[in-house]
>>> print(open('structure.pdb').read())   # PDB, C-alpha atoms
ATOM      1  CA  MET U   1       0.022  24.224  16.455  1.00  0.00           C
ATOM      2  CA  SER U   2       3.467  23.148  17.575  1.00  0.00           C
ATOM      3  CA  PHE U   3       2.051  19.976  19.150  1.00  0.00           C
ATOM      4  CA  GLN U   4       0.544  18.840  15.841  1.00  0.00           C
ATOM      5  CA  LEU U   5       3.720  19.669  13.918  1.00  0.00           C
ATOM      6  CA  ILE U   6       5.906  17.709  16.342  1.00  0.00           C
ATOM      7  CA  LEU U   7       3.404  14.847  16.251  1.00  0.00           C
ATOM      8  CA  ILE U   8       3.629  14.703  12.442  1.00  0.00           C
ATOM      9  CA  VAL U   9       7.445  14.663  12.619  1.00  0.00           C
ATOM     10  CA  HIS U  10       7.221  11.957  15.295  1.00  0.00           C
ATOM     11  CA  ILE U  11       5.025   9.748  13.100  1.00  0.00           C
ATOM     12  CA  LEU U  12       7.310  10.256  10.092  1.00  0.00           C
ATOM     13  CA  LEU U  13      10.328   9.302  12.209  1.00  0.00           C
ATOM     14  CA  ALA U  14       8.513   6.177  13.401  1.00  0.00           C
ATOM     15  CA  LEU U  15       7.680   5.133   9.841  1.00  0.00           C
ATOM     16  CA  GLY U  16      11.261   5.831   8.764  1.00  0.00           C
ATOM     17  CA  LEU U  17      12.598   3.712  11.608  1.00  0.00           C
ATOM     18  CA  ILE U  18      10.330   0.842  10.653  1.00  0.00           C
ATOM     19  CA  ALA U  19      11.429   1.031   7.022  1.00  0.00           C
ATOM     20  CA  LEU U  20      15.138   1.235   7.878  1.00  0.00           C
ATOM     21  CA  ILE U  21      15.009  -1.642  10.329  1.00  0.00           C
ATOM     22  CA  LEU U  22      13.233  -3.839   7.795  1.00  0.00           C
ATOM     23  CA  MET U  23      15.775  -2.935   5.093  1.00  0.00           C
ATOM     24  CA  GLN U  24      18.766  -4.044   7.158  1.00  0.00           C
ATOM     25  CA  HIS U  25      19.890  -7.625   6.920  1.00  0.00           C
ATOM     26  CA  GLY U  26      20.543  -9.808   9.904  1.00  0.00           C
ATOM     27  CA  LYS U  27      23.754 -11.364  11.169  1.00  0.00           C
ATOM     28  CA  GLY U  28      23.150 -14.615   9.273  1.00  0.00           C
ATOM     29  CA  ALA U  29      23.049 -12.889   5.893  1.00  0.00           C
ATOM     30  CA  ASP U  30      26.818 -12.283   5.991  1.00  0.00           C
ATOM     31  CA  ALA U  31      27.540 -16.005   6.000  1.00  0.00           C
ATOM     32  CA  GLY U  32      25.489 -16.487   2.832  1.00  0.00           C
ATOM     33  CA  ALA U  33      27.350 -13.695   1.045  1.00  0.00           C
ATOM     34  CA  ALA U  34      30.706 -15.285   1.941  1.00  0.00           C
ATOM     35  CA  PHE U  35      29.754 -18.456   0.029  1.00  0.00           C
ATOM     36  CA  GLY U  36      28.515 -16.569  -3.017  1.00  0.00           C
ATOM     37  CA  ALA U  37      24.800 -16.719  -2.227  1.00  0.00           C
ATOM     38  CA  GLY U  38      24.353 -12.967  -2.236  1.00  0.00           C
ATOM     39  CA  ALA U  39      25.800  -9.919  -3.852  1.00  0.00           C
ATOM     40  CA  SER U  40      28.385  -8.691  -1.381  1.00  0.00           C
ATOM     41  CA  GLY U  41      29.143  -5.611  -3.443  1.00  0.00           C
ATOM     42  CA  SER U  42      26.527  -2.896  -3.234  1.00  0.00           C
ATOM     43  CA  VAL U  43      26.106   0.796  -3.970  1.00  0.00           C
ATOM     44  CA  PHE U  44      27.868   1.723  -0.735  1.00  0.00           C
ATOM     45  CA  GLY U  45      30.640  -0.880  -1.048  1.00  0.00           C
ATOM     46  CA  ALA U  46      31.096  -4.190   0.732  1.00  0.00           C
ATOM     47  CA  ARG U  47      30.864  -2.737   4.244  1.00  0.00           C
ATOM     48  CA  GLY U  48      29.613   0.813   3.666  1.00  0.00           C
ATOM     49  CA  ALA U  49      25.895   0.038   3.541  1.00  0.00           C
ATOM     50  CA  ASN U  50      25.891  -1.398   7.016  1.00  0.00           C
ATOM     51  CA  SER U  51      27.590   1.541   8.637  1.00  0.00           C
ATOM     52  CA  PHE U  52      25.467   4.040   6.638  1.00  0.00           C
ATOM     53  CA  LEU U  53      22.204   2.293   7.545  1.00  0.00           C
ATOM     54  CA  TYR U  54      23.250   1.886  11.172  1.00  0.00           C
ATOM     55  CA  LYS U  55      24.154   5.575  11.455  1.00  0.00           C
ATOM     56  CA  LEU U  56      20.923   6.632   9.776  1.00  0.00           C
ATOM     57  CA  THR U  57      18.919   4.329  12.057  1.00  0.00           C
ATOM     58  CA  ALA U  58      20.680   5.704  15.135  1.00  0.00           C
ATOM     59  CA  SER U  59      19.976   9.287  14.096  1.00  0.00           C
ATOM     60  CA  LEU U  60      16.300   8.520  13.420  1.00  0.00           C
ATOM     61  CA  ALA U  61      16.065   6.733  16.772  1.00  0.00           C
ATOM     62  CA  PHE U  62      17.574   9.768  18.516  1.00  0.00           C
ATOM     63  CA  GLY U  63      15.072  12.052  16.763  1.00  0.00           C
ATOM     64  CA  PHE U  64      12.216   9.718  17.722  1.00  0.00           C
ATOM     65  CA  PHE U  65      13.375   9.734  21.345  1.00  0.00           C
ATOM     66  CA  LEU U  66      13.667  13.523  21.365  1.00  0.00           C
ATOM     67  CA  THR U  67      10.217  14.071  19.856  1.00  0.00           C
ATOM     68  CA  SER U  68       8.782  11.574  22.364  1.00  0.00           C
ATOM     69  CA  LEU U  69      10.155  13.637  25.233  1.00  0.00           C
ATOM     70  CA  ILE U  70       8.910  16.898  23.717  1.00  0.00           C
ATOM     71  CA  LEU U  71       5.427  15.467  23.107  1.00  0.00           C
ATOM     72  CA  ALA U  72       5.265  14.127  26.666  1.00  0.00           C
ATOM     73  CA  TYR U  73       6.254  17.545  28.029  1.00  0.00           C
ATOM     74  CA  LEU U  74       3.699  19.354  25.875  1.00  0.00           C
ATOM     75  CA  ALA U  75       0.955  16.888  26.804  1.00  0.00           C
ATOM     76  CA  THR U  76       1.473  17.393  30.535  1.00  0.00           C
ATOM     77  CA  ASN U  77       1.856  21.172  30.323  1.00  0.00           C
ATOM     78  CA  ASP U  78      -1.025  22.069  28.015  1.00  0.00           C
ATOM     79  CA  ASN U  79      -1.507  25.689  29.098  1.00  0.00           C
ATOM     80  CA  ASP U  80      -1.987  26.795  25.487  1.00  0.00           C
ATOM     81  CA  SER U  81      -4.524  24.114  24.585  1.00  0.00           C
ATOM     82  CA  GLY U  82      -7.491  26.479  24.850  1.00  0.00           C
ATOM     83  CA  VAL U  83      -8.982  24.685  27.855  1.00  0.00           C
ATOM     84  CA  ASN U  84      -9.338  26.520  31.139  1.00  0.00           C
ATOM     85  CA  SER U  85      -6.348  26.159  33.401  1.00  0.00           C
ATOM     86  CA  GLU U  86      -8.595  24.955  36.226  1.00  0.00           C
ATOM     87  CA  LEU U  87      -9.480  21.276  36.421  1.00  0.00           C
ATOM     88  CA  THR U  88     -12.471  20.368  34.287  1.00  0.00           C
ATOM     89  CA  SER U  89     -14.062  17.067  33.460  1.00  0.00           C
ATOM     90  CA  ILE U  90     -13.593  15.396  30.108  1.00  0.00           C
ATOM     91  CA  MET U  91     -17.267  15.892  29.244  1.00  0.00           C
ATOM     92  CA  GLU U  92     -16.992  19.625  29.953  1.00  0.00           C
ATOM     93  CA  GLN U  93     -13.934  19.822  27.703  1.00  0.00           C
ATOM     94  CA  VAL U  94     -15.721  18.042  24.842  1.00  0.00           C
ATOM     95  CA  THR U  95     -19.156  19.628  25.057  1.00  0.00           C
ATOM     96  CA  GLY U  96     -18.236  22.910  26.700  1.00  0.00           C
ATOM     97  CA  GLU U  97     -21.233  22.570  29.001  1.00  0.00           C
ATOM     98  CA  THR U  98     -21.202  22.109  32.747  1.00  0.00           C
ATOM     99  CA  VAL U  99     -23.188  19.388  34.479  1.00  0.00           C
ATOM    100  CA  PRO U 100     -26.531  20.746  35.777  1.00  0.00           C
ATOM    101  CA  SER U 101     -26.696  21.171  39.531  1.00  0.00           C
ATOM    102  CA  ASP U 102     -29.992  19.218  39.819  1.00  0.00           C
ATOM    103  CA  VAL U 103     -28.247  15.961  38.803  1.00  0.00           C
ATOM    104  CA  PRO U 104     -27.875  13.809  41.933  1.00  0.00           C
ATOM    105  CA  MET U 105     -24.376  12.926  43.000  1.00  0.00           C
ATOM    106  CA  VAL U 106     -23.481   9.651  44.696  1.00  0.00           C
ATOM    107  CA  VAL U 107     -21.277  10.073  47.744  1.00  0.00           C
ATOM    108  CA  MET U 108     -19.590   7.002  49.179  1.00  0.00           C
ATOM    109  CA  PRO U 109     -19.079   6.994  52.939  1.00  0.00           C
ATOM    110  CA  ILE U 110     -15.564   6.710  54.269  1.00  0.00           C
ATOM    111  CA  SER U 111     -14.947   3.310  55.819  1.00  0.00           C
ATOM    112  CA  THR U 112     -14.765   3.220  59.592  1.00  0.00           C
ATOM    113  CA  GLU U 113     -13.098   0.872  62.028  1.00  0.00           C
ATOM    114  CA  SER U 114     -16.228  -1.324  62.170  1.00  0.00           C
ATOM    115  CA  ASP U 115     -15.864  -2.084  58.454  1.00  0.00           C
ATOM    116  CA  ILE U 116     -12.211  -3.021  58.836  1.00  0.00           C
ATOM    117  CA  SER U 117     -12.701  -5.241  61.925  1.00  0.00           C
ATOM    118  CA  ASP U 118     -14.533  -7.863  59.833  1.00  0.00           C
ATOM    119  CA  ILE U 119     -11.266  -8.812  58.102  1.00  0.00           C
ATOM    120  CA  PRO U 120      -9.570 -11.719  59.913  1.00  0.00           C
ATOM    121  CA  ASN U 121      -5.977 -11.316  61.040  1.00  0.00           C
ATOM    122  CA  GLN U 122      -3.415 -13.631  59.525  1.00  0.00           C
TER     123      GLN U 122
END
>>> encode(input="structure.pdb", output="structure tokens")
Amino acid sequence: MSFQLILIVHILLALGLIALILMQHGKGADAGAAFGAGASGSVFGARGANSFLYKLTASLAFGFFLTSLILAYLATNDNDSGVNSELTSIMEQVTGETVPSDVPMVVMPISTESDISDIPNQ
């Protein structure tokens, strides 16, 4: 349950970061406002929007980084995921069935010195 909740928060933070980054104007936009091409005054003042958006972006980026670390930790230590703690194959996890013992298994022989001697020395 906590994994899904953190994943939802993570996705919302990612979407918020994308929106905030696209809302910010670049370095070249300041030159246009100096010559009267844009409205330099805004809701937050002449300089306030930049610092507000930058601080909000930094806080969302920190939250995104933190949820990334938490999700990585939970993904590697999935003791509460409902799957047996012993190693199982992906097919056993999905279907819940084990592979029948009458299915032949292919065993590859370990290479010996005779196999390696065919490679020329450089």
>>> atom_distance(input="structure.pdb", atom1="CA of Thr57 (chain U)", atom2="CA of Ala19 (chain U)")
9.6 Å
>>> resolve_selection(input="structure.pdb", expression="the PyMOL selection byres ((chain U and resi 59-68) around 8)", output="list in words")
Ile6, Leu7, Val9, His10, Leu13, Ala14, Gly16, Leu17, Lys55, Leu56, Thr57, Ala58, Leu69, Ile70, Leu71 and Ala72 of chain U
>>> atom_distance(input="structure.pdb", atom1="CA of Val94 (chain U)", atom2="CA of Tyr73 (chain U)")
22.2 Å
>>> atom_distance(input="structure.pdb", atom1="CA of Leu5 (chain U)", atom2="CA of Leu20 (chain U)")
22.5 Å
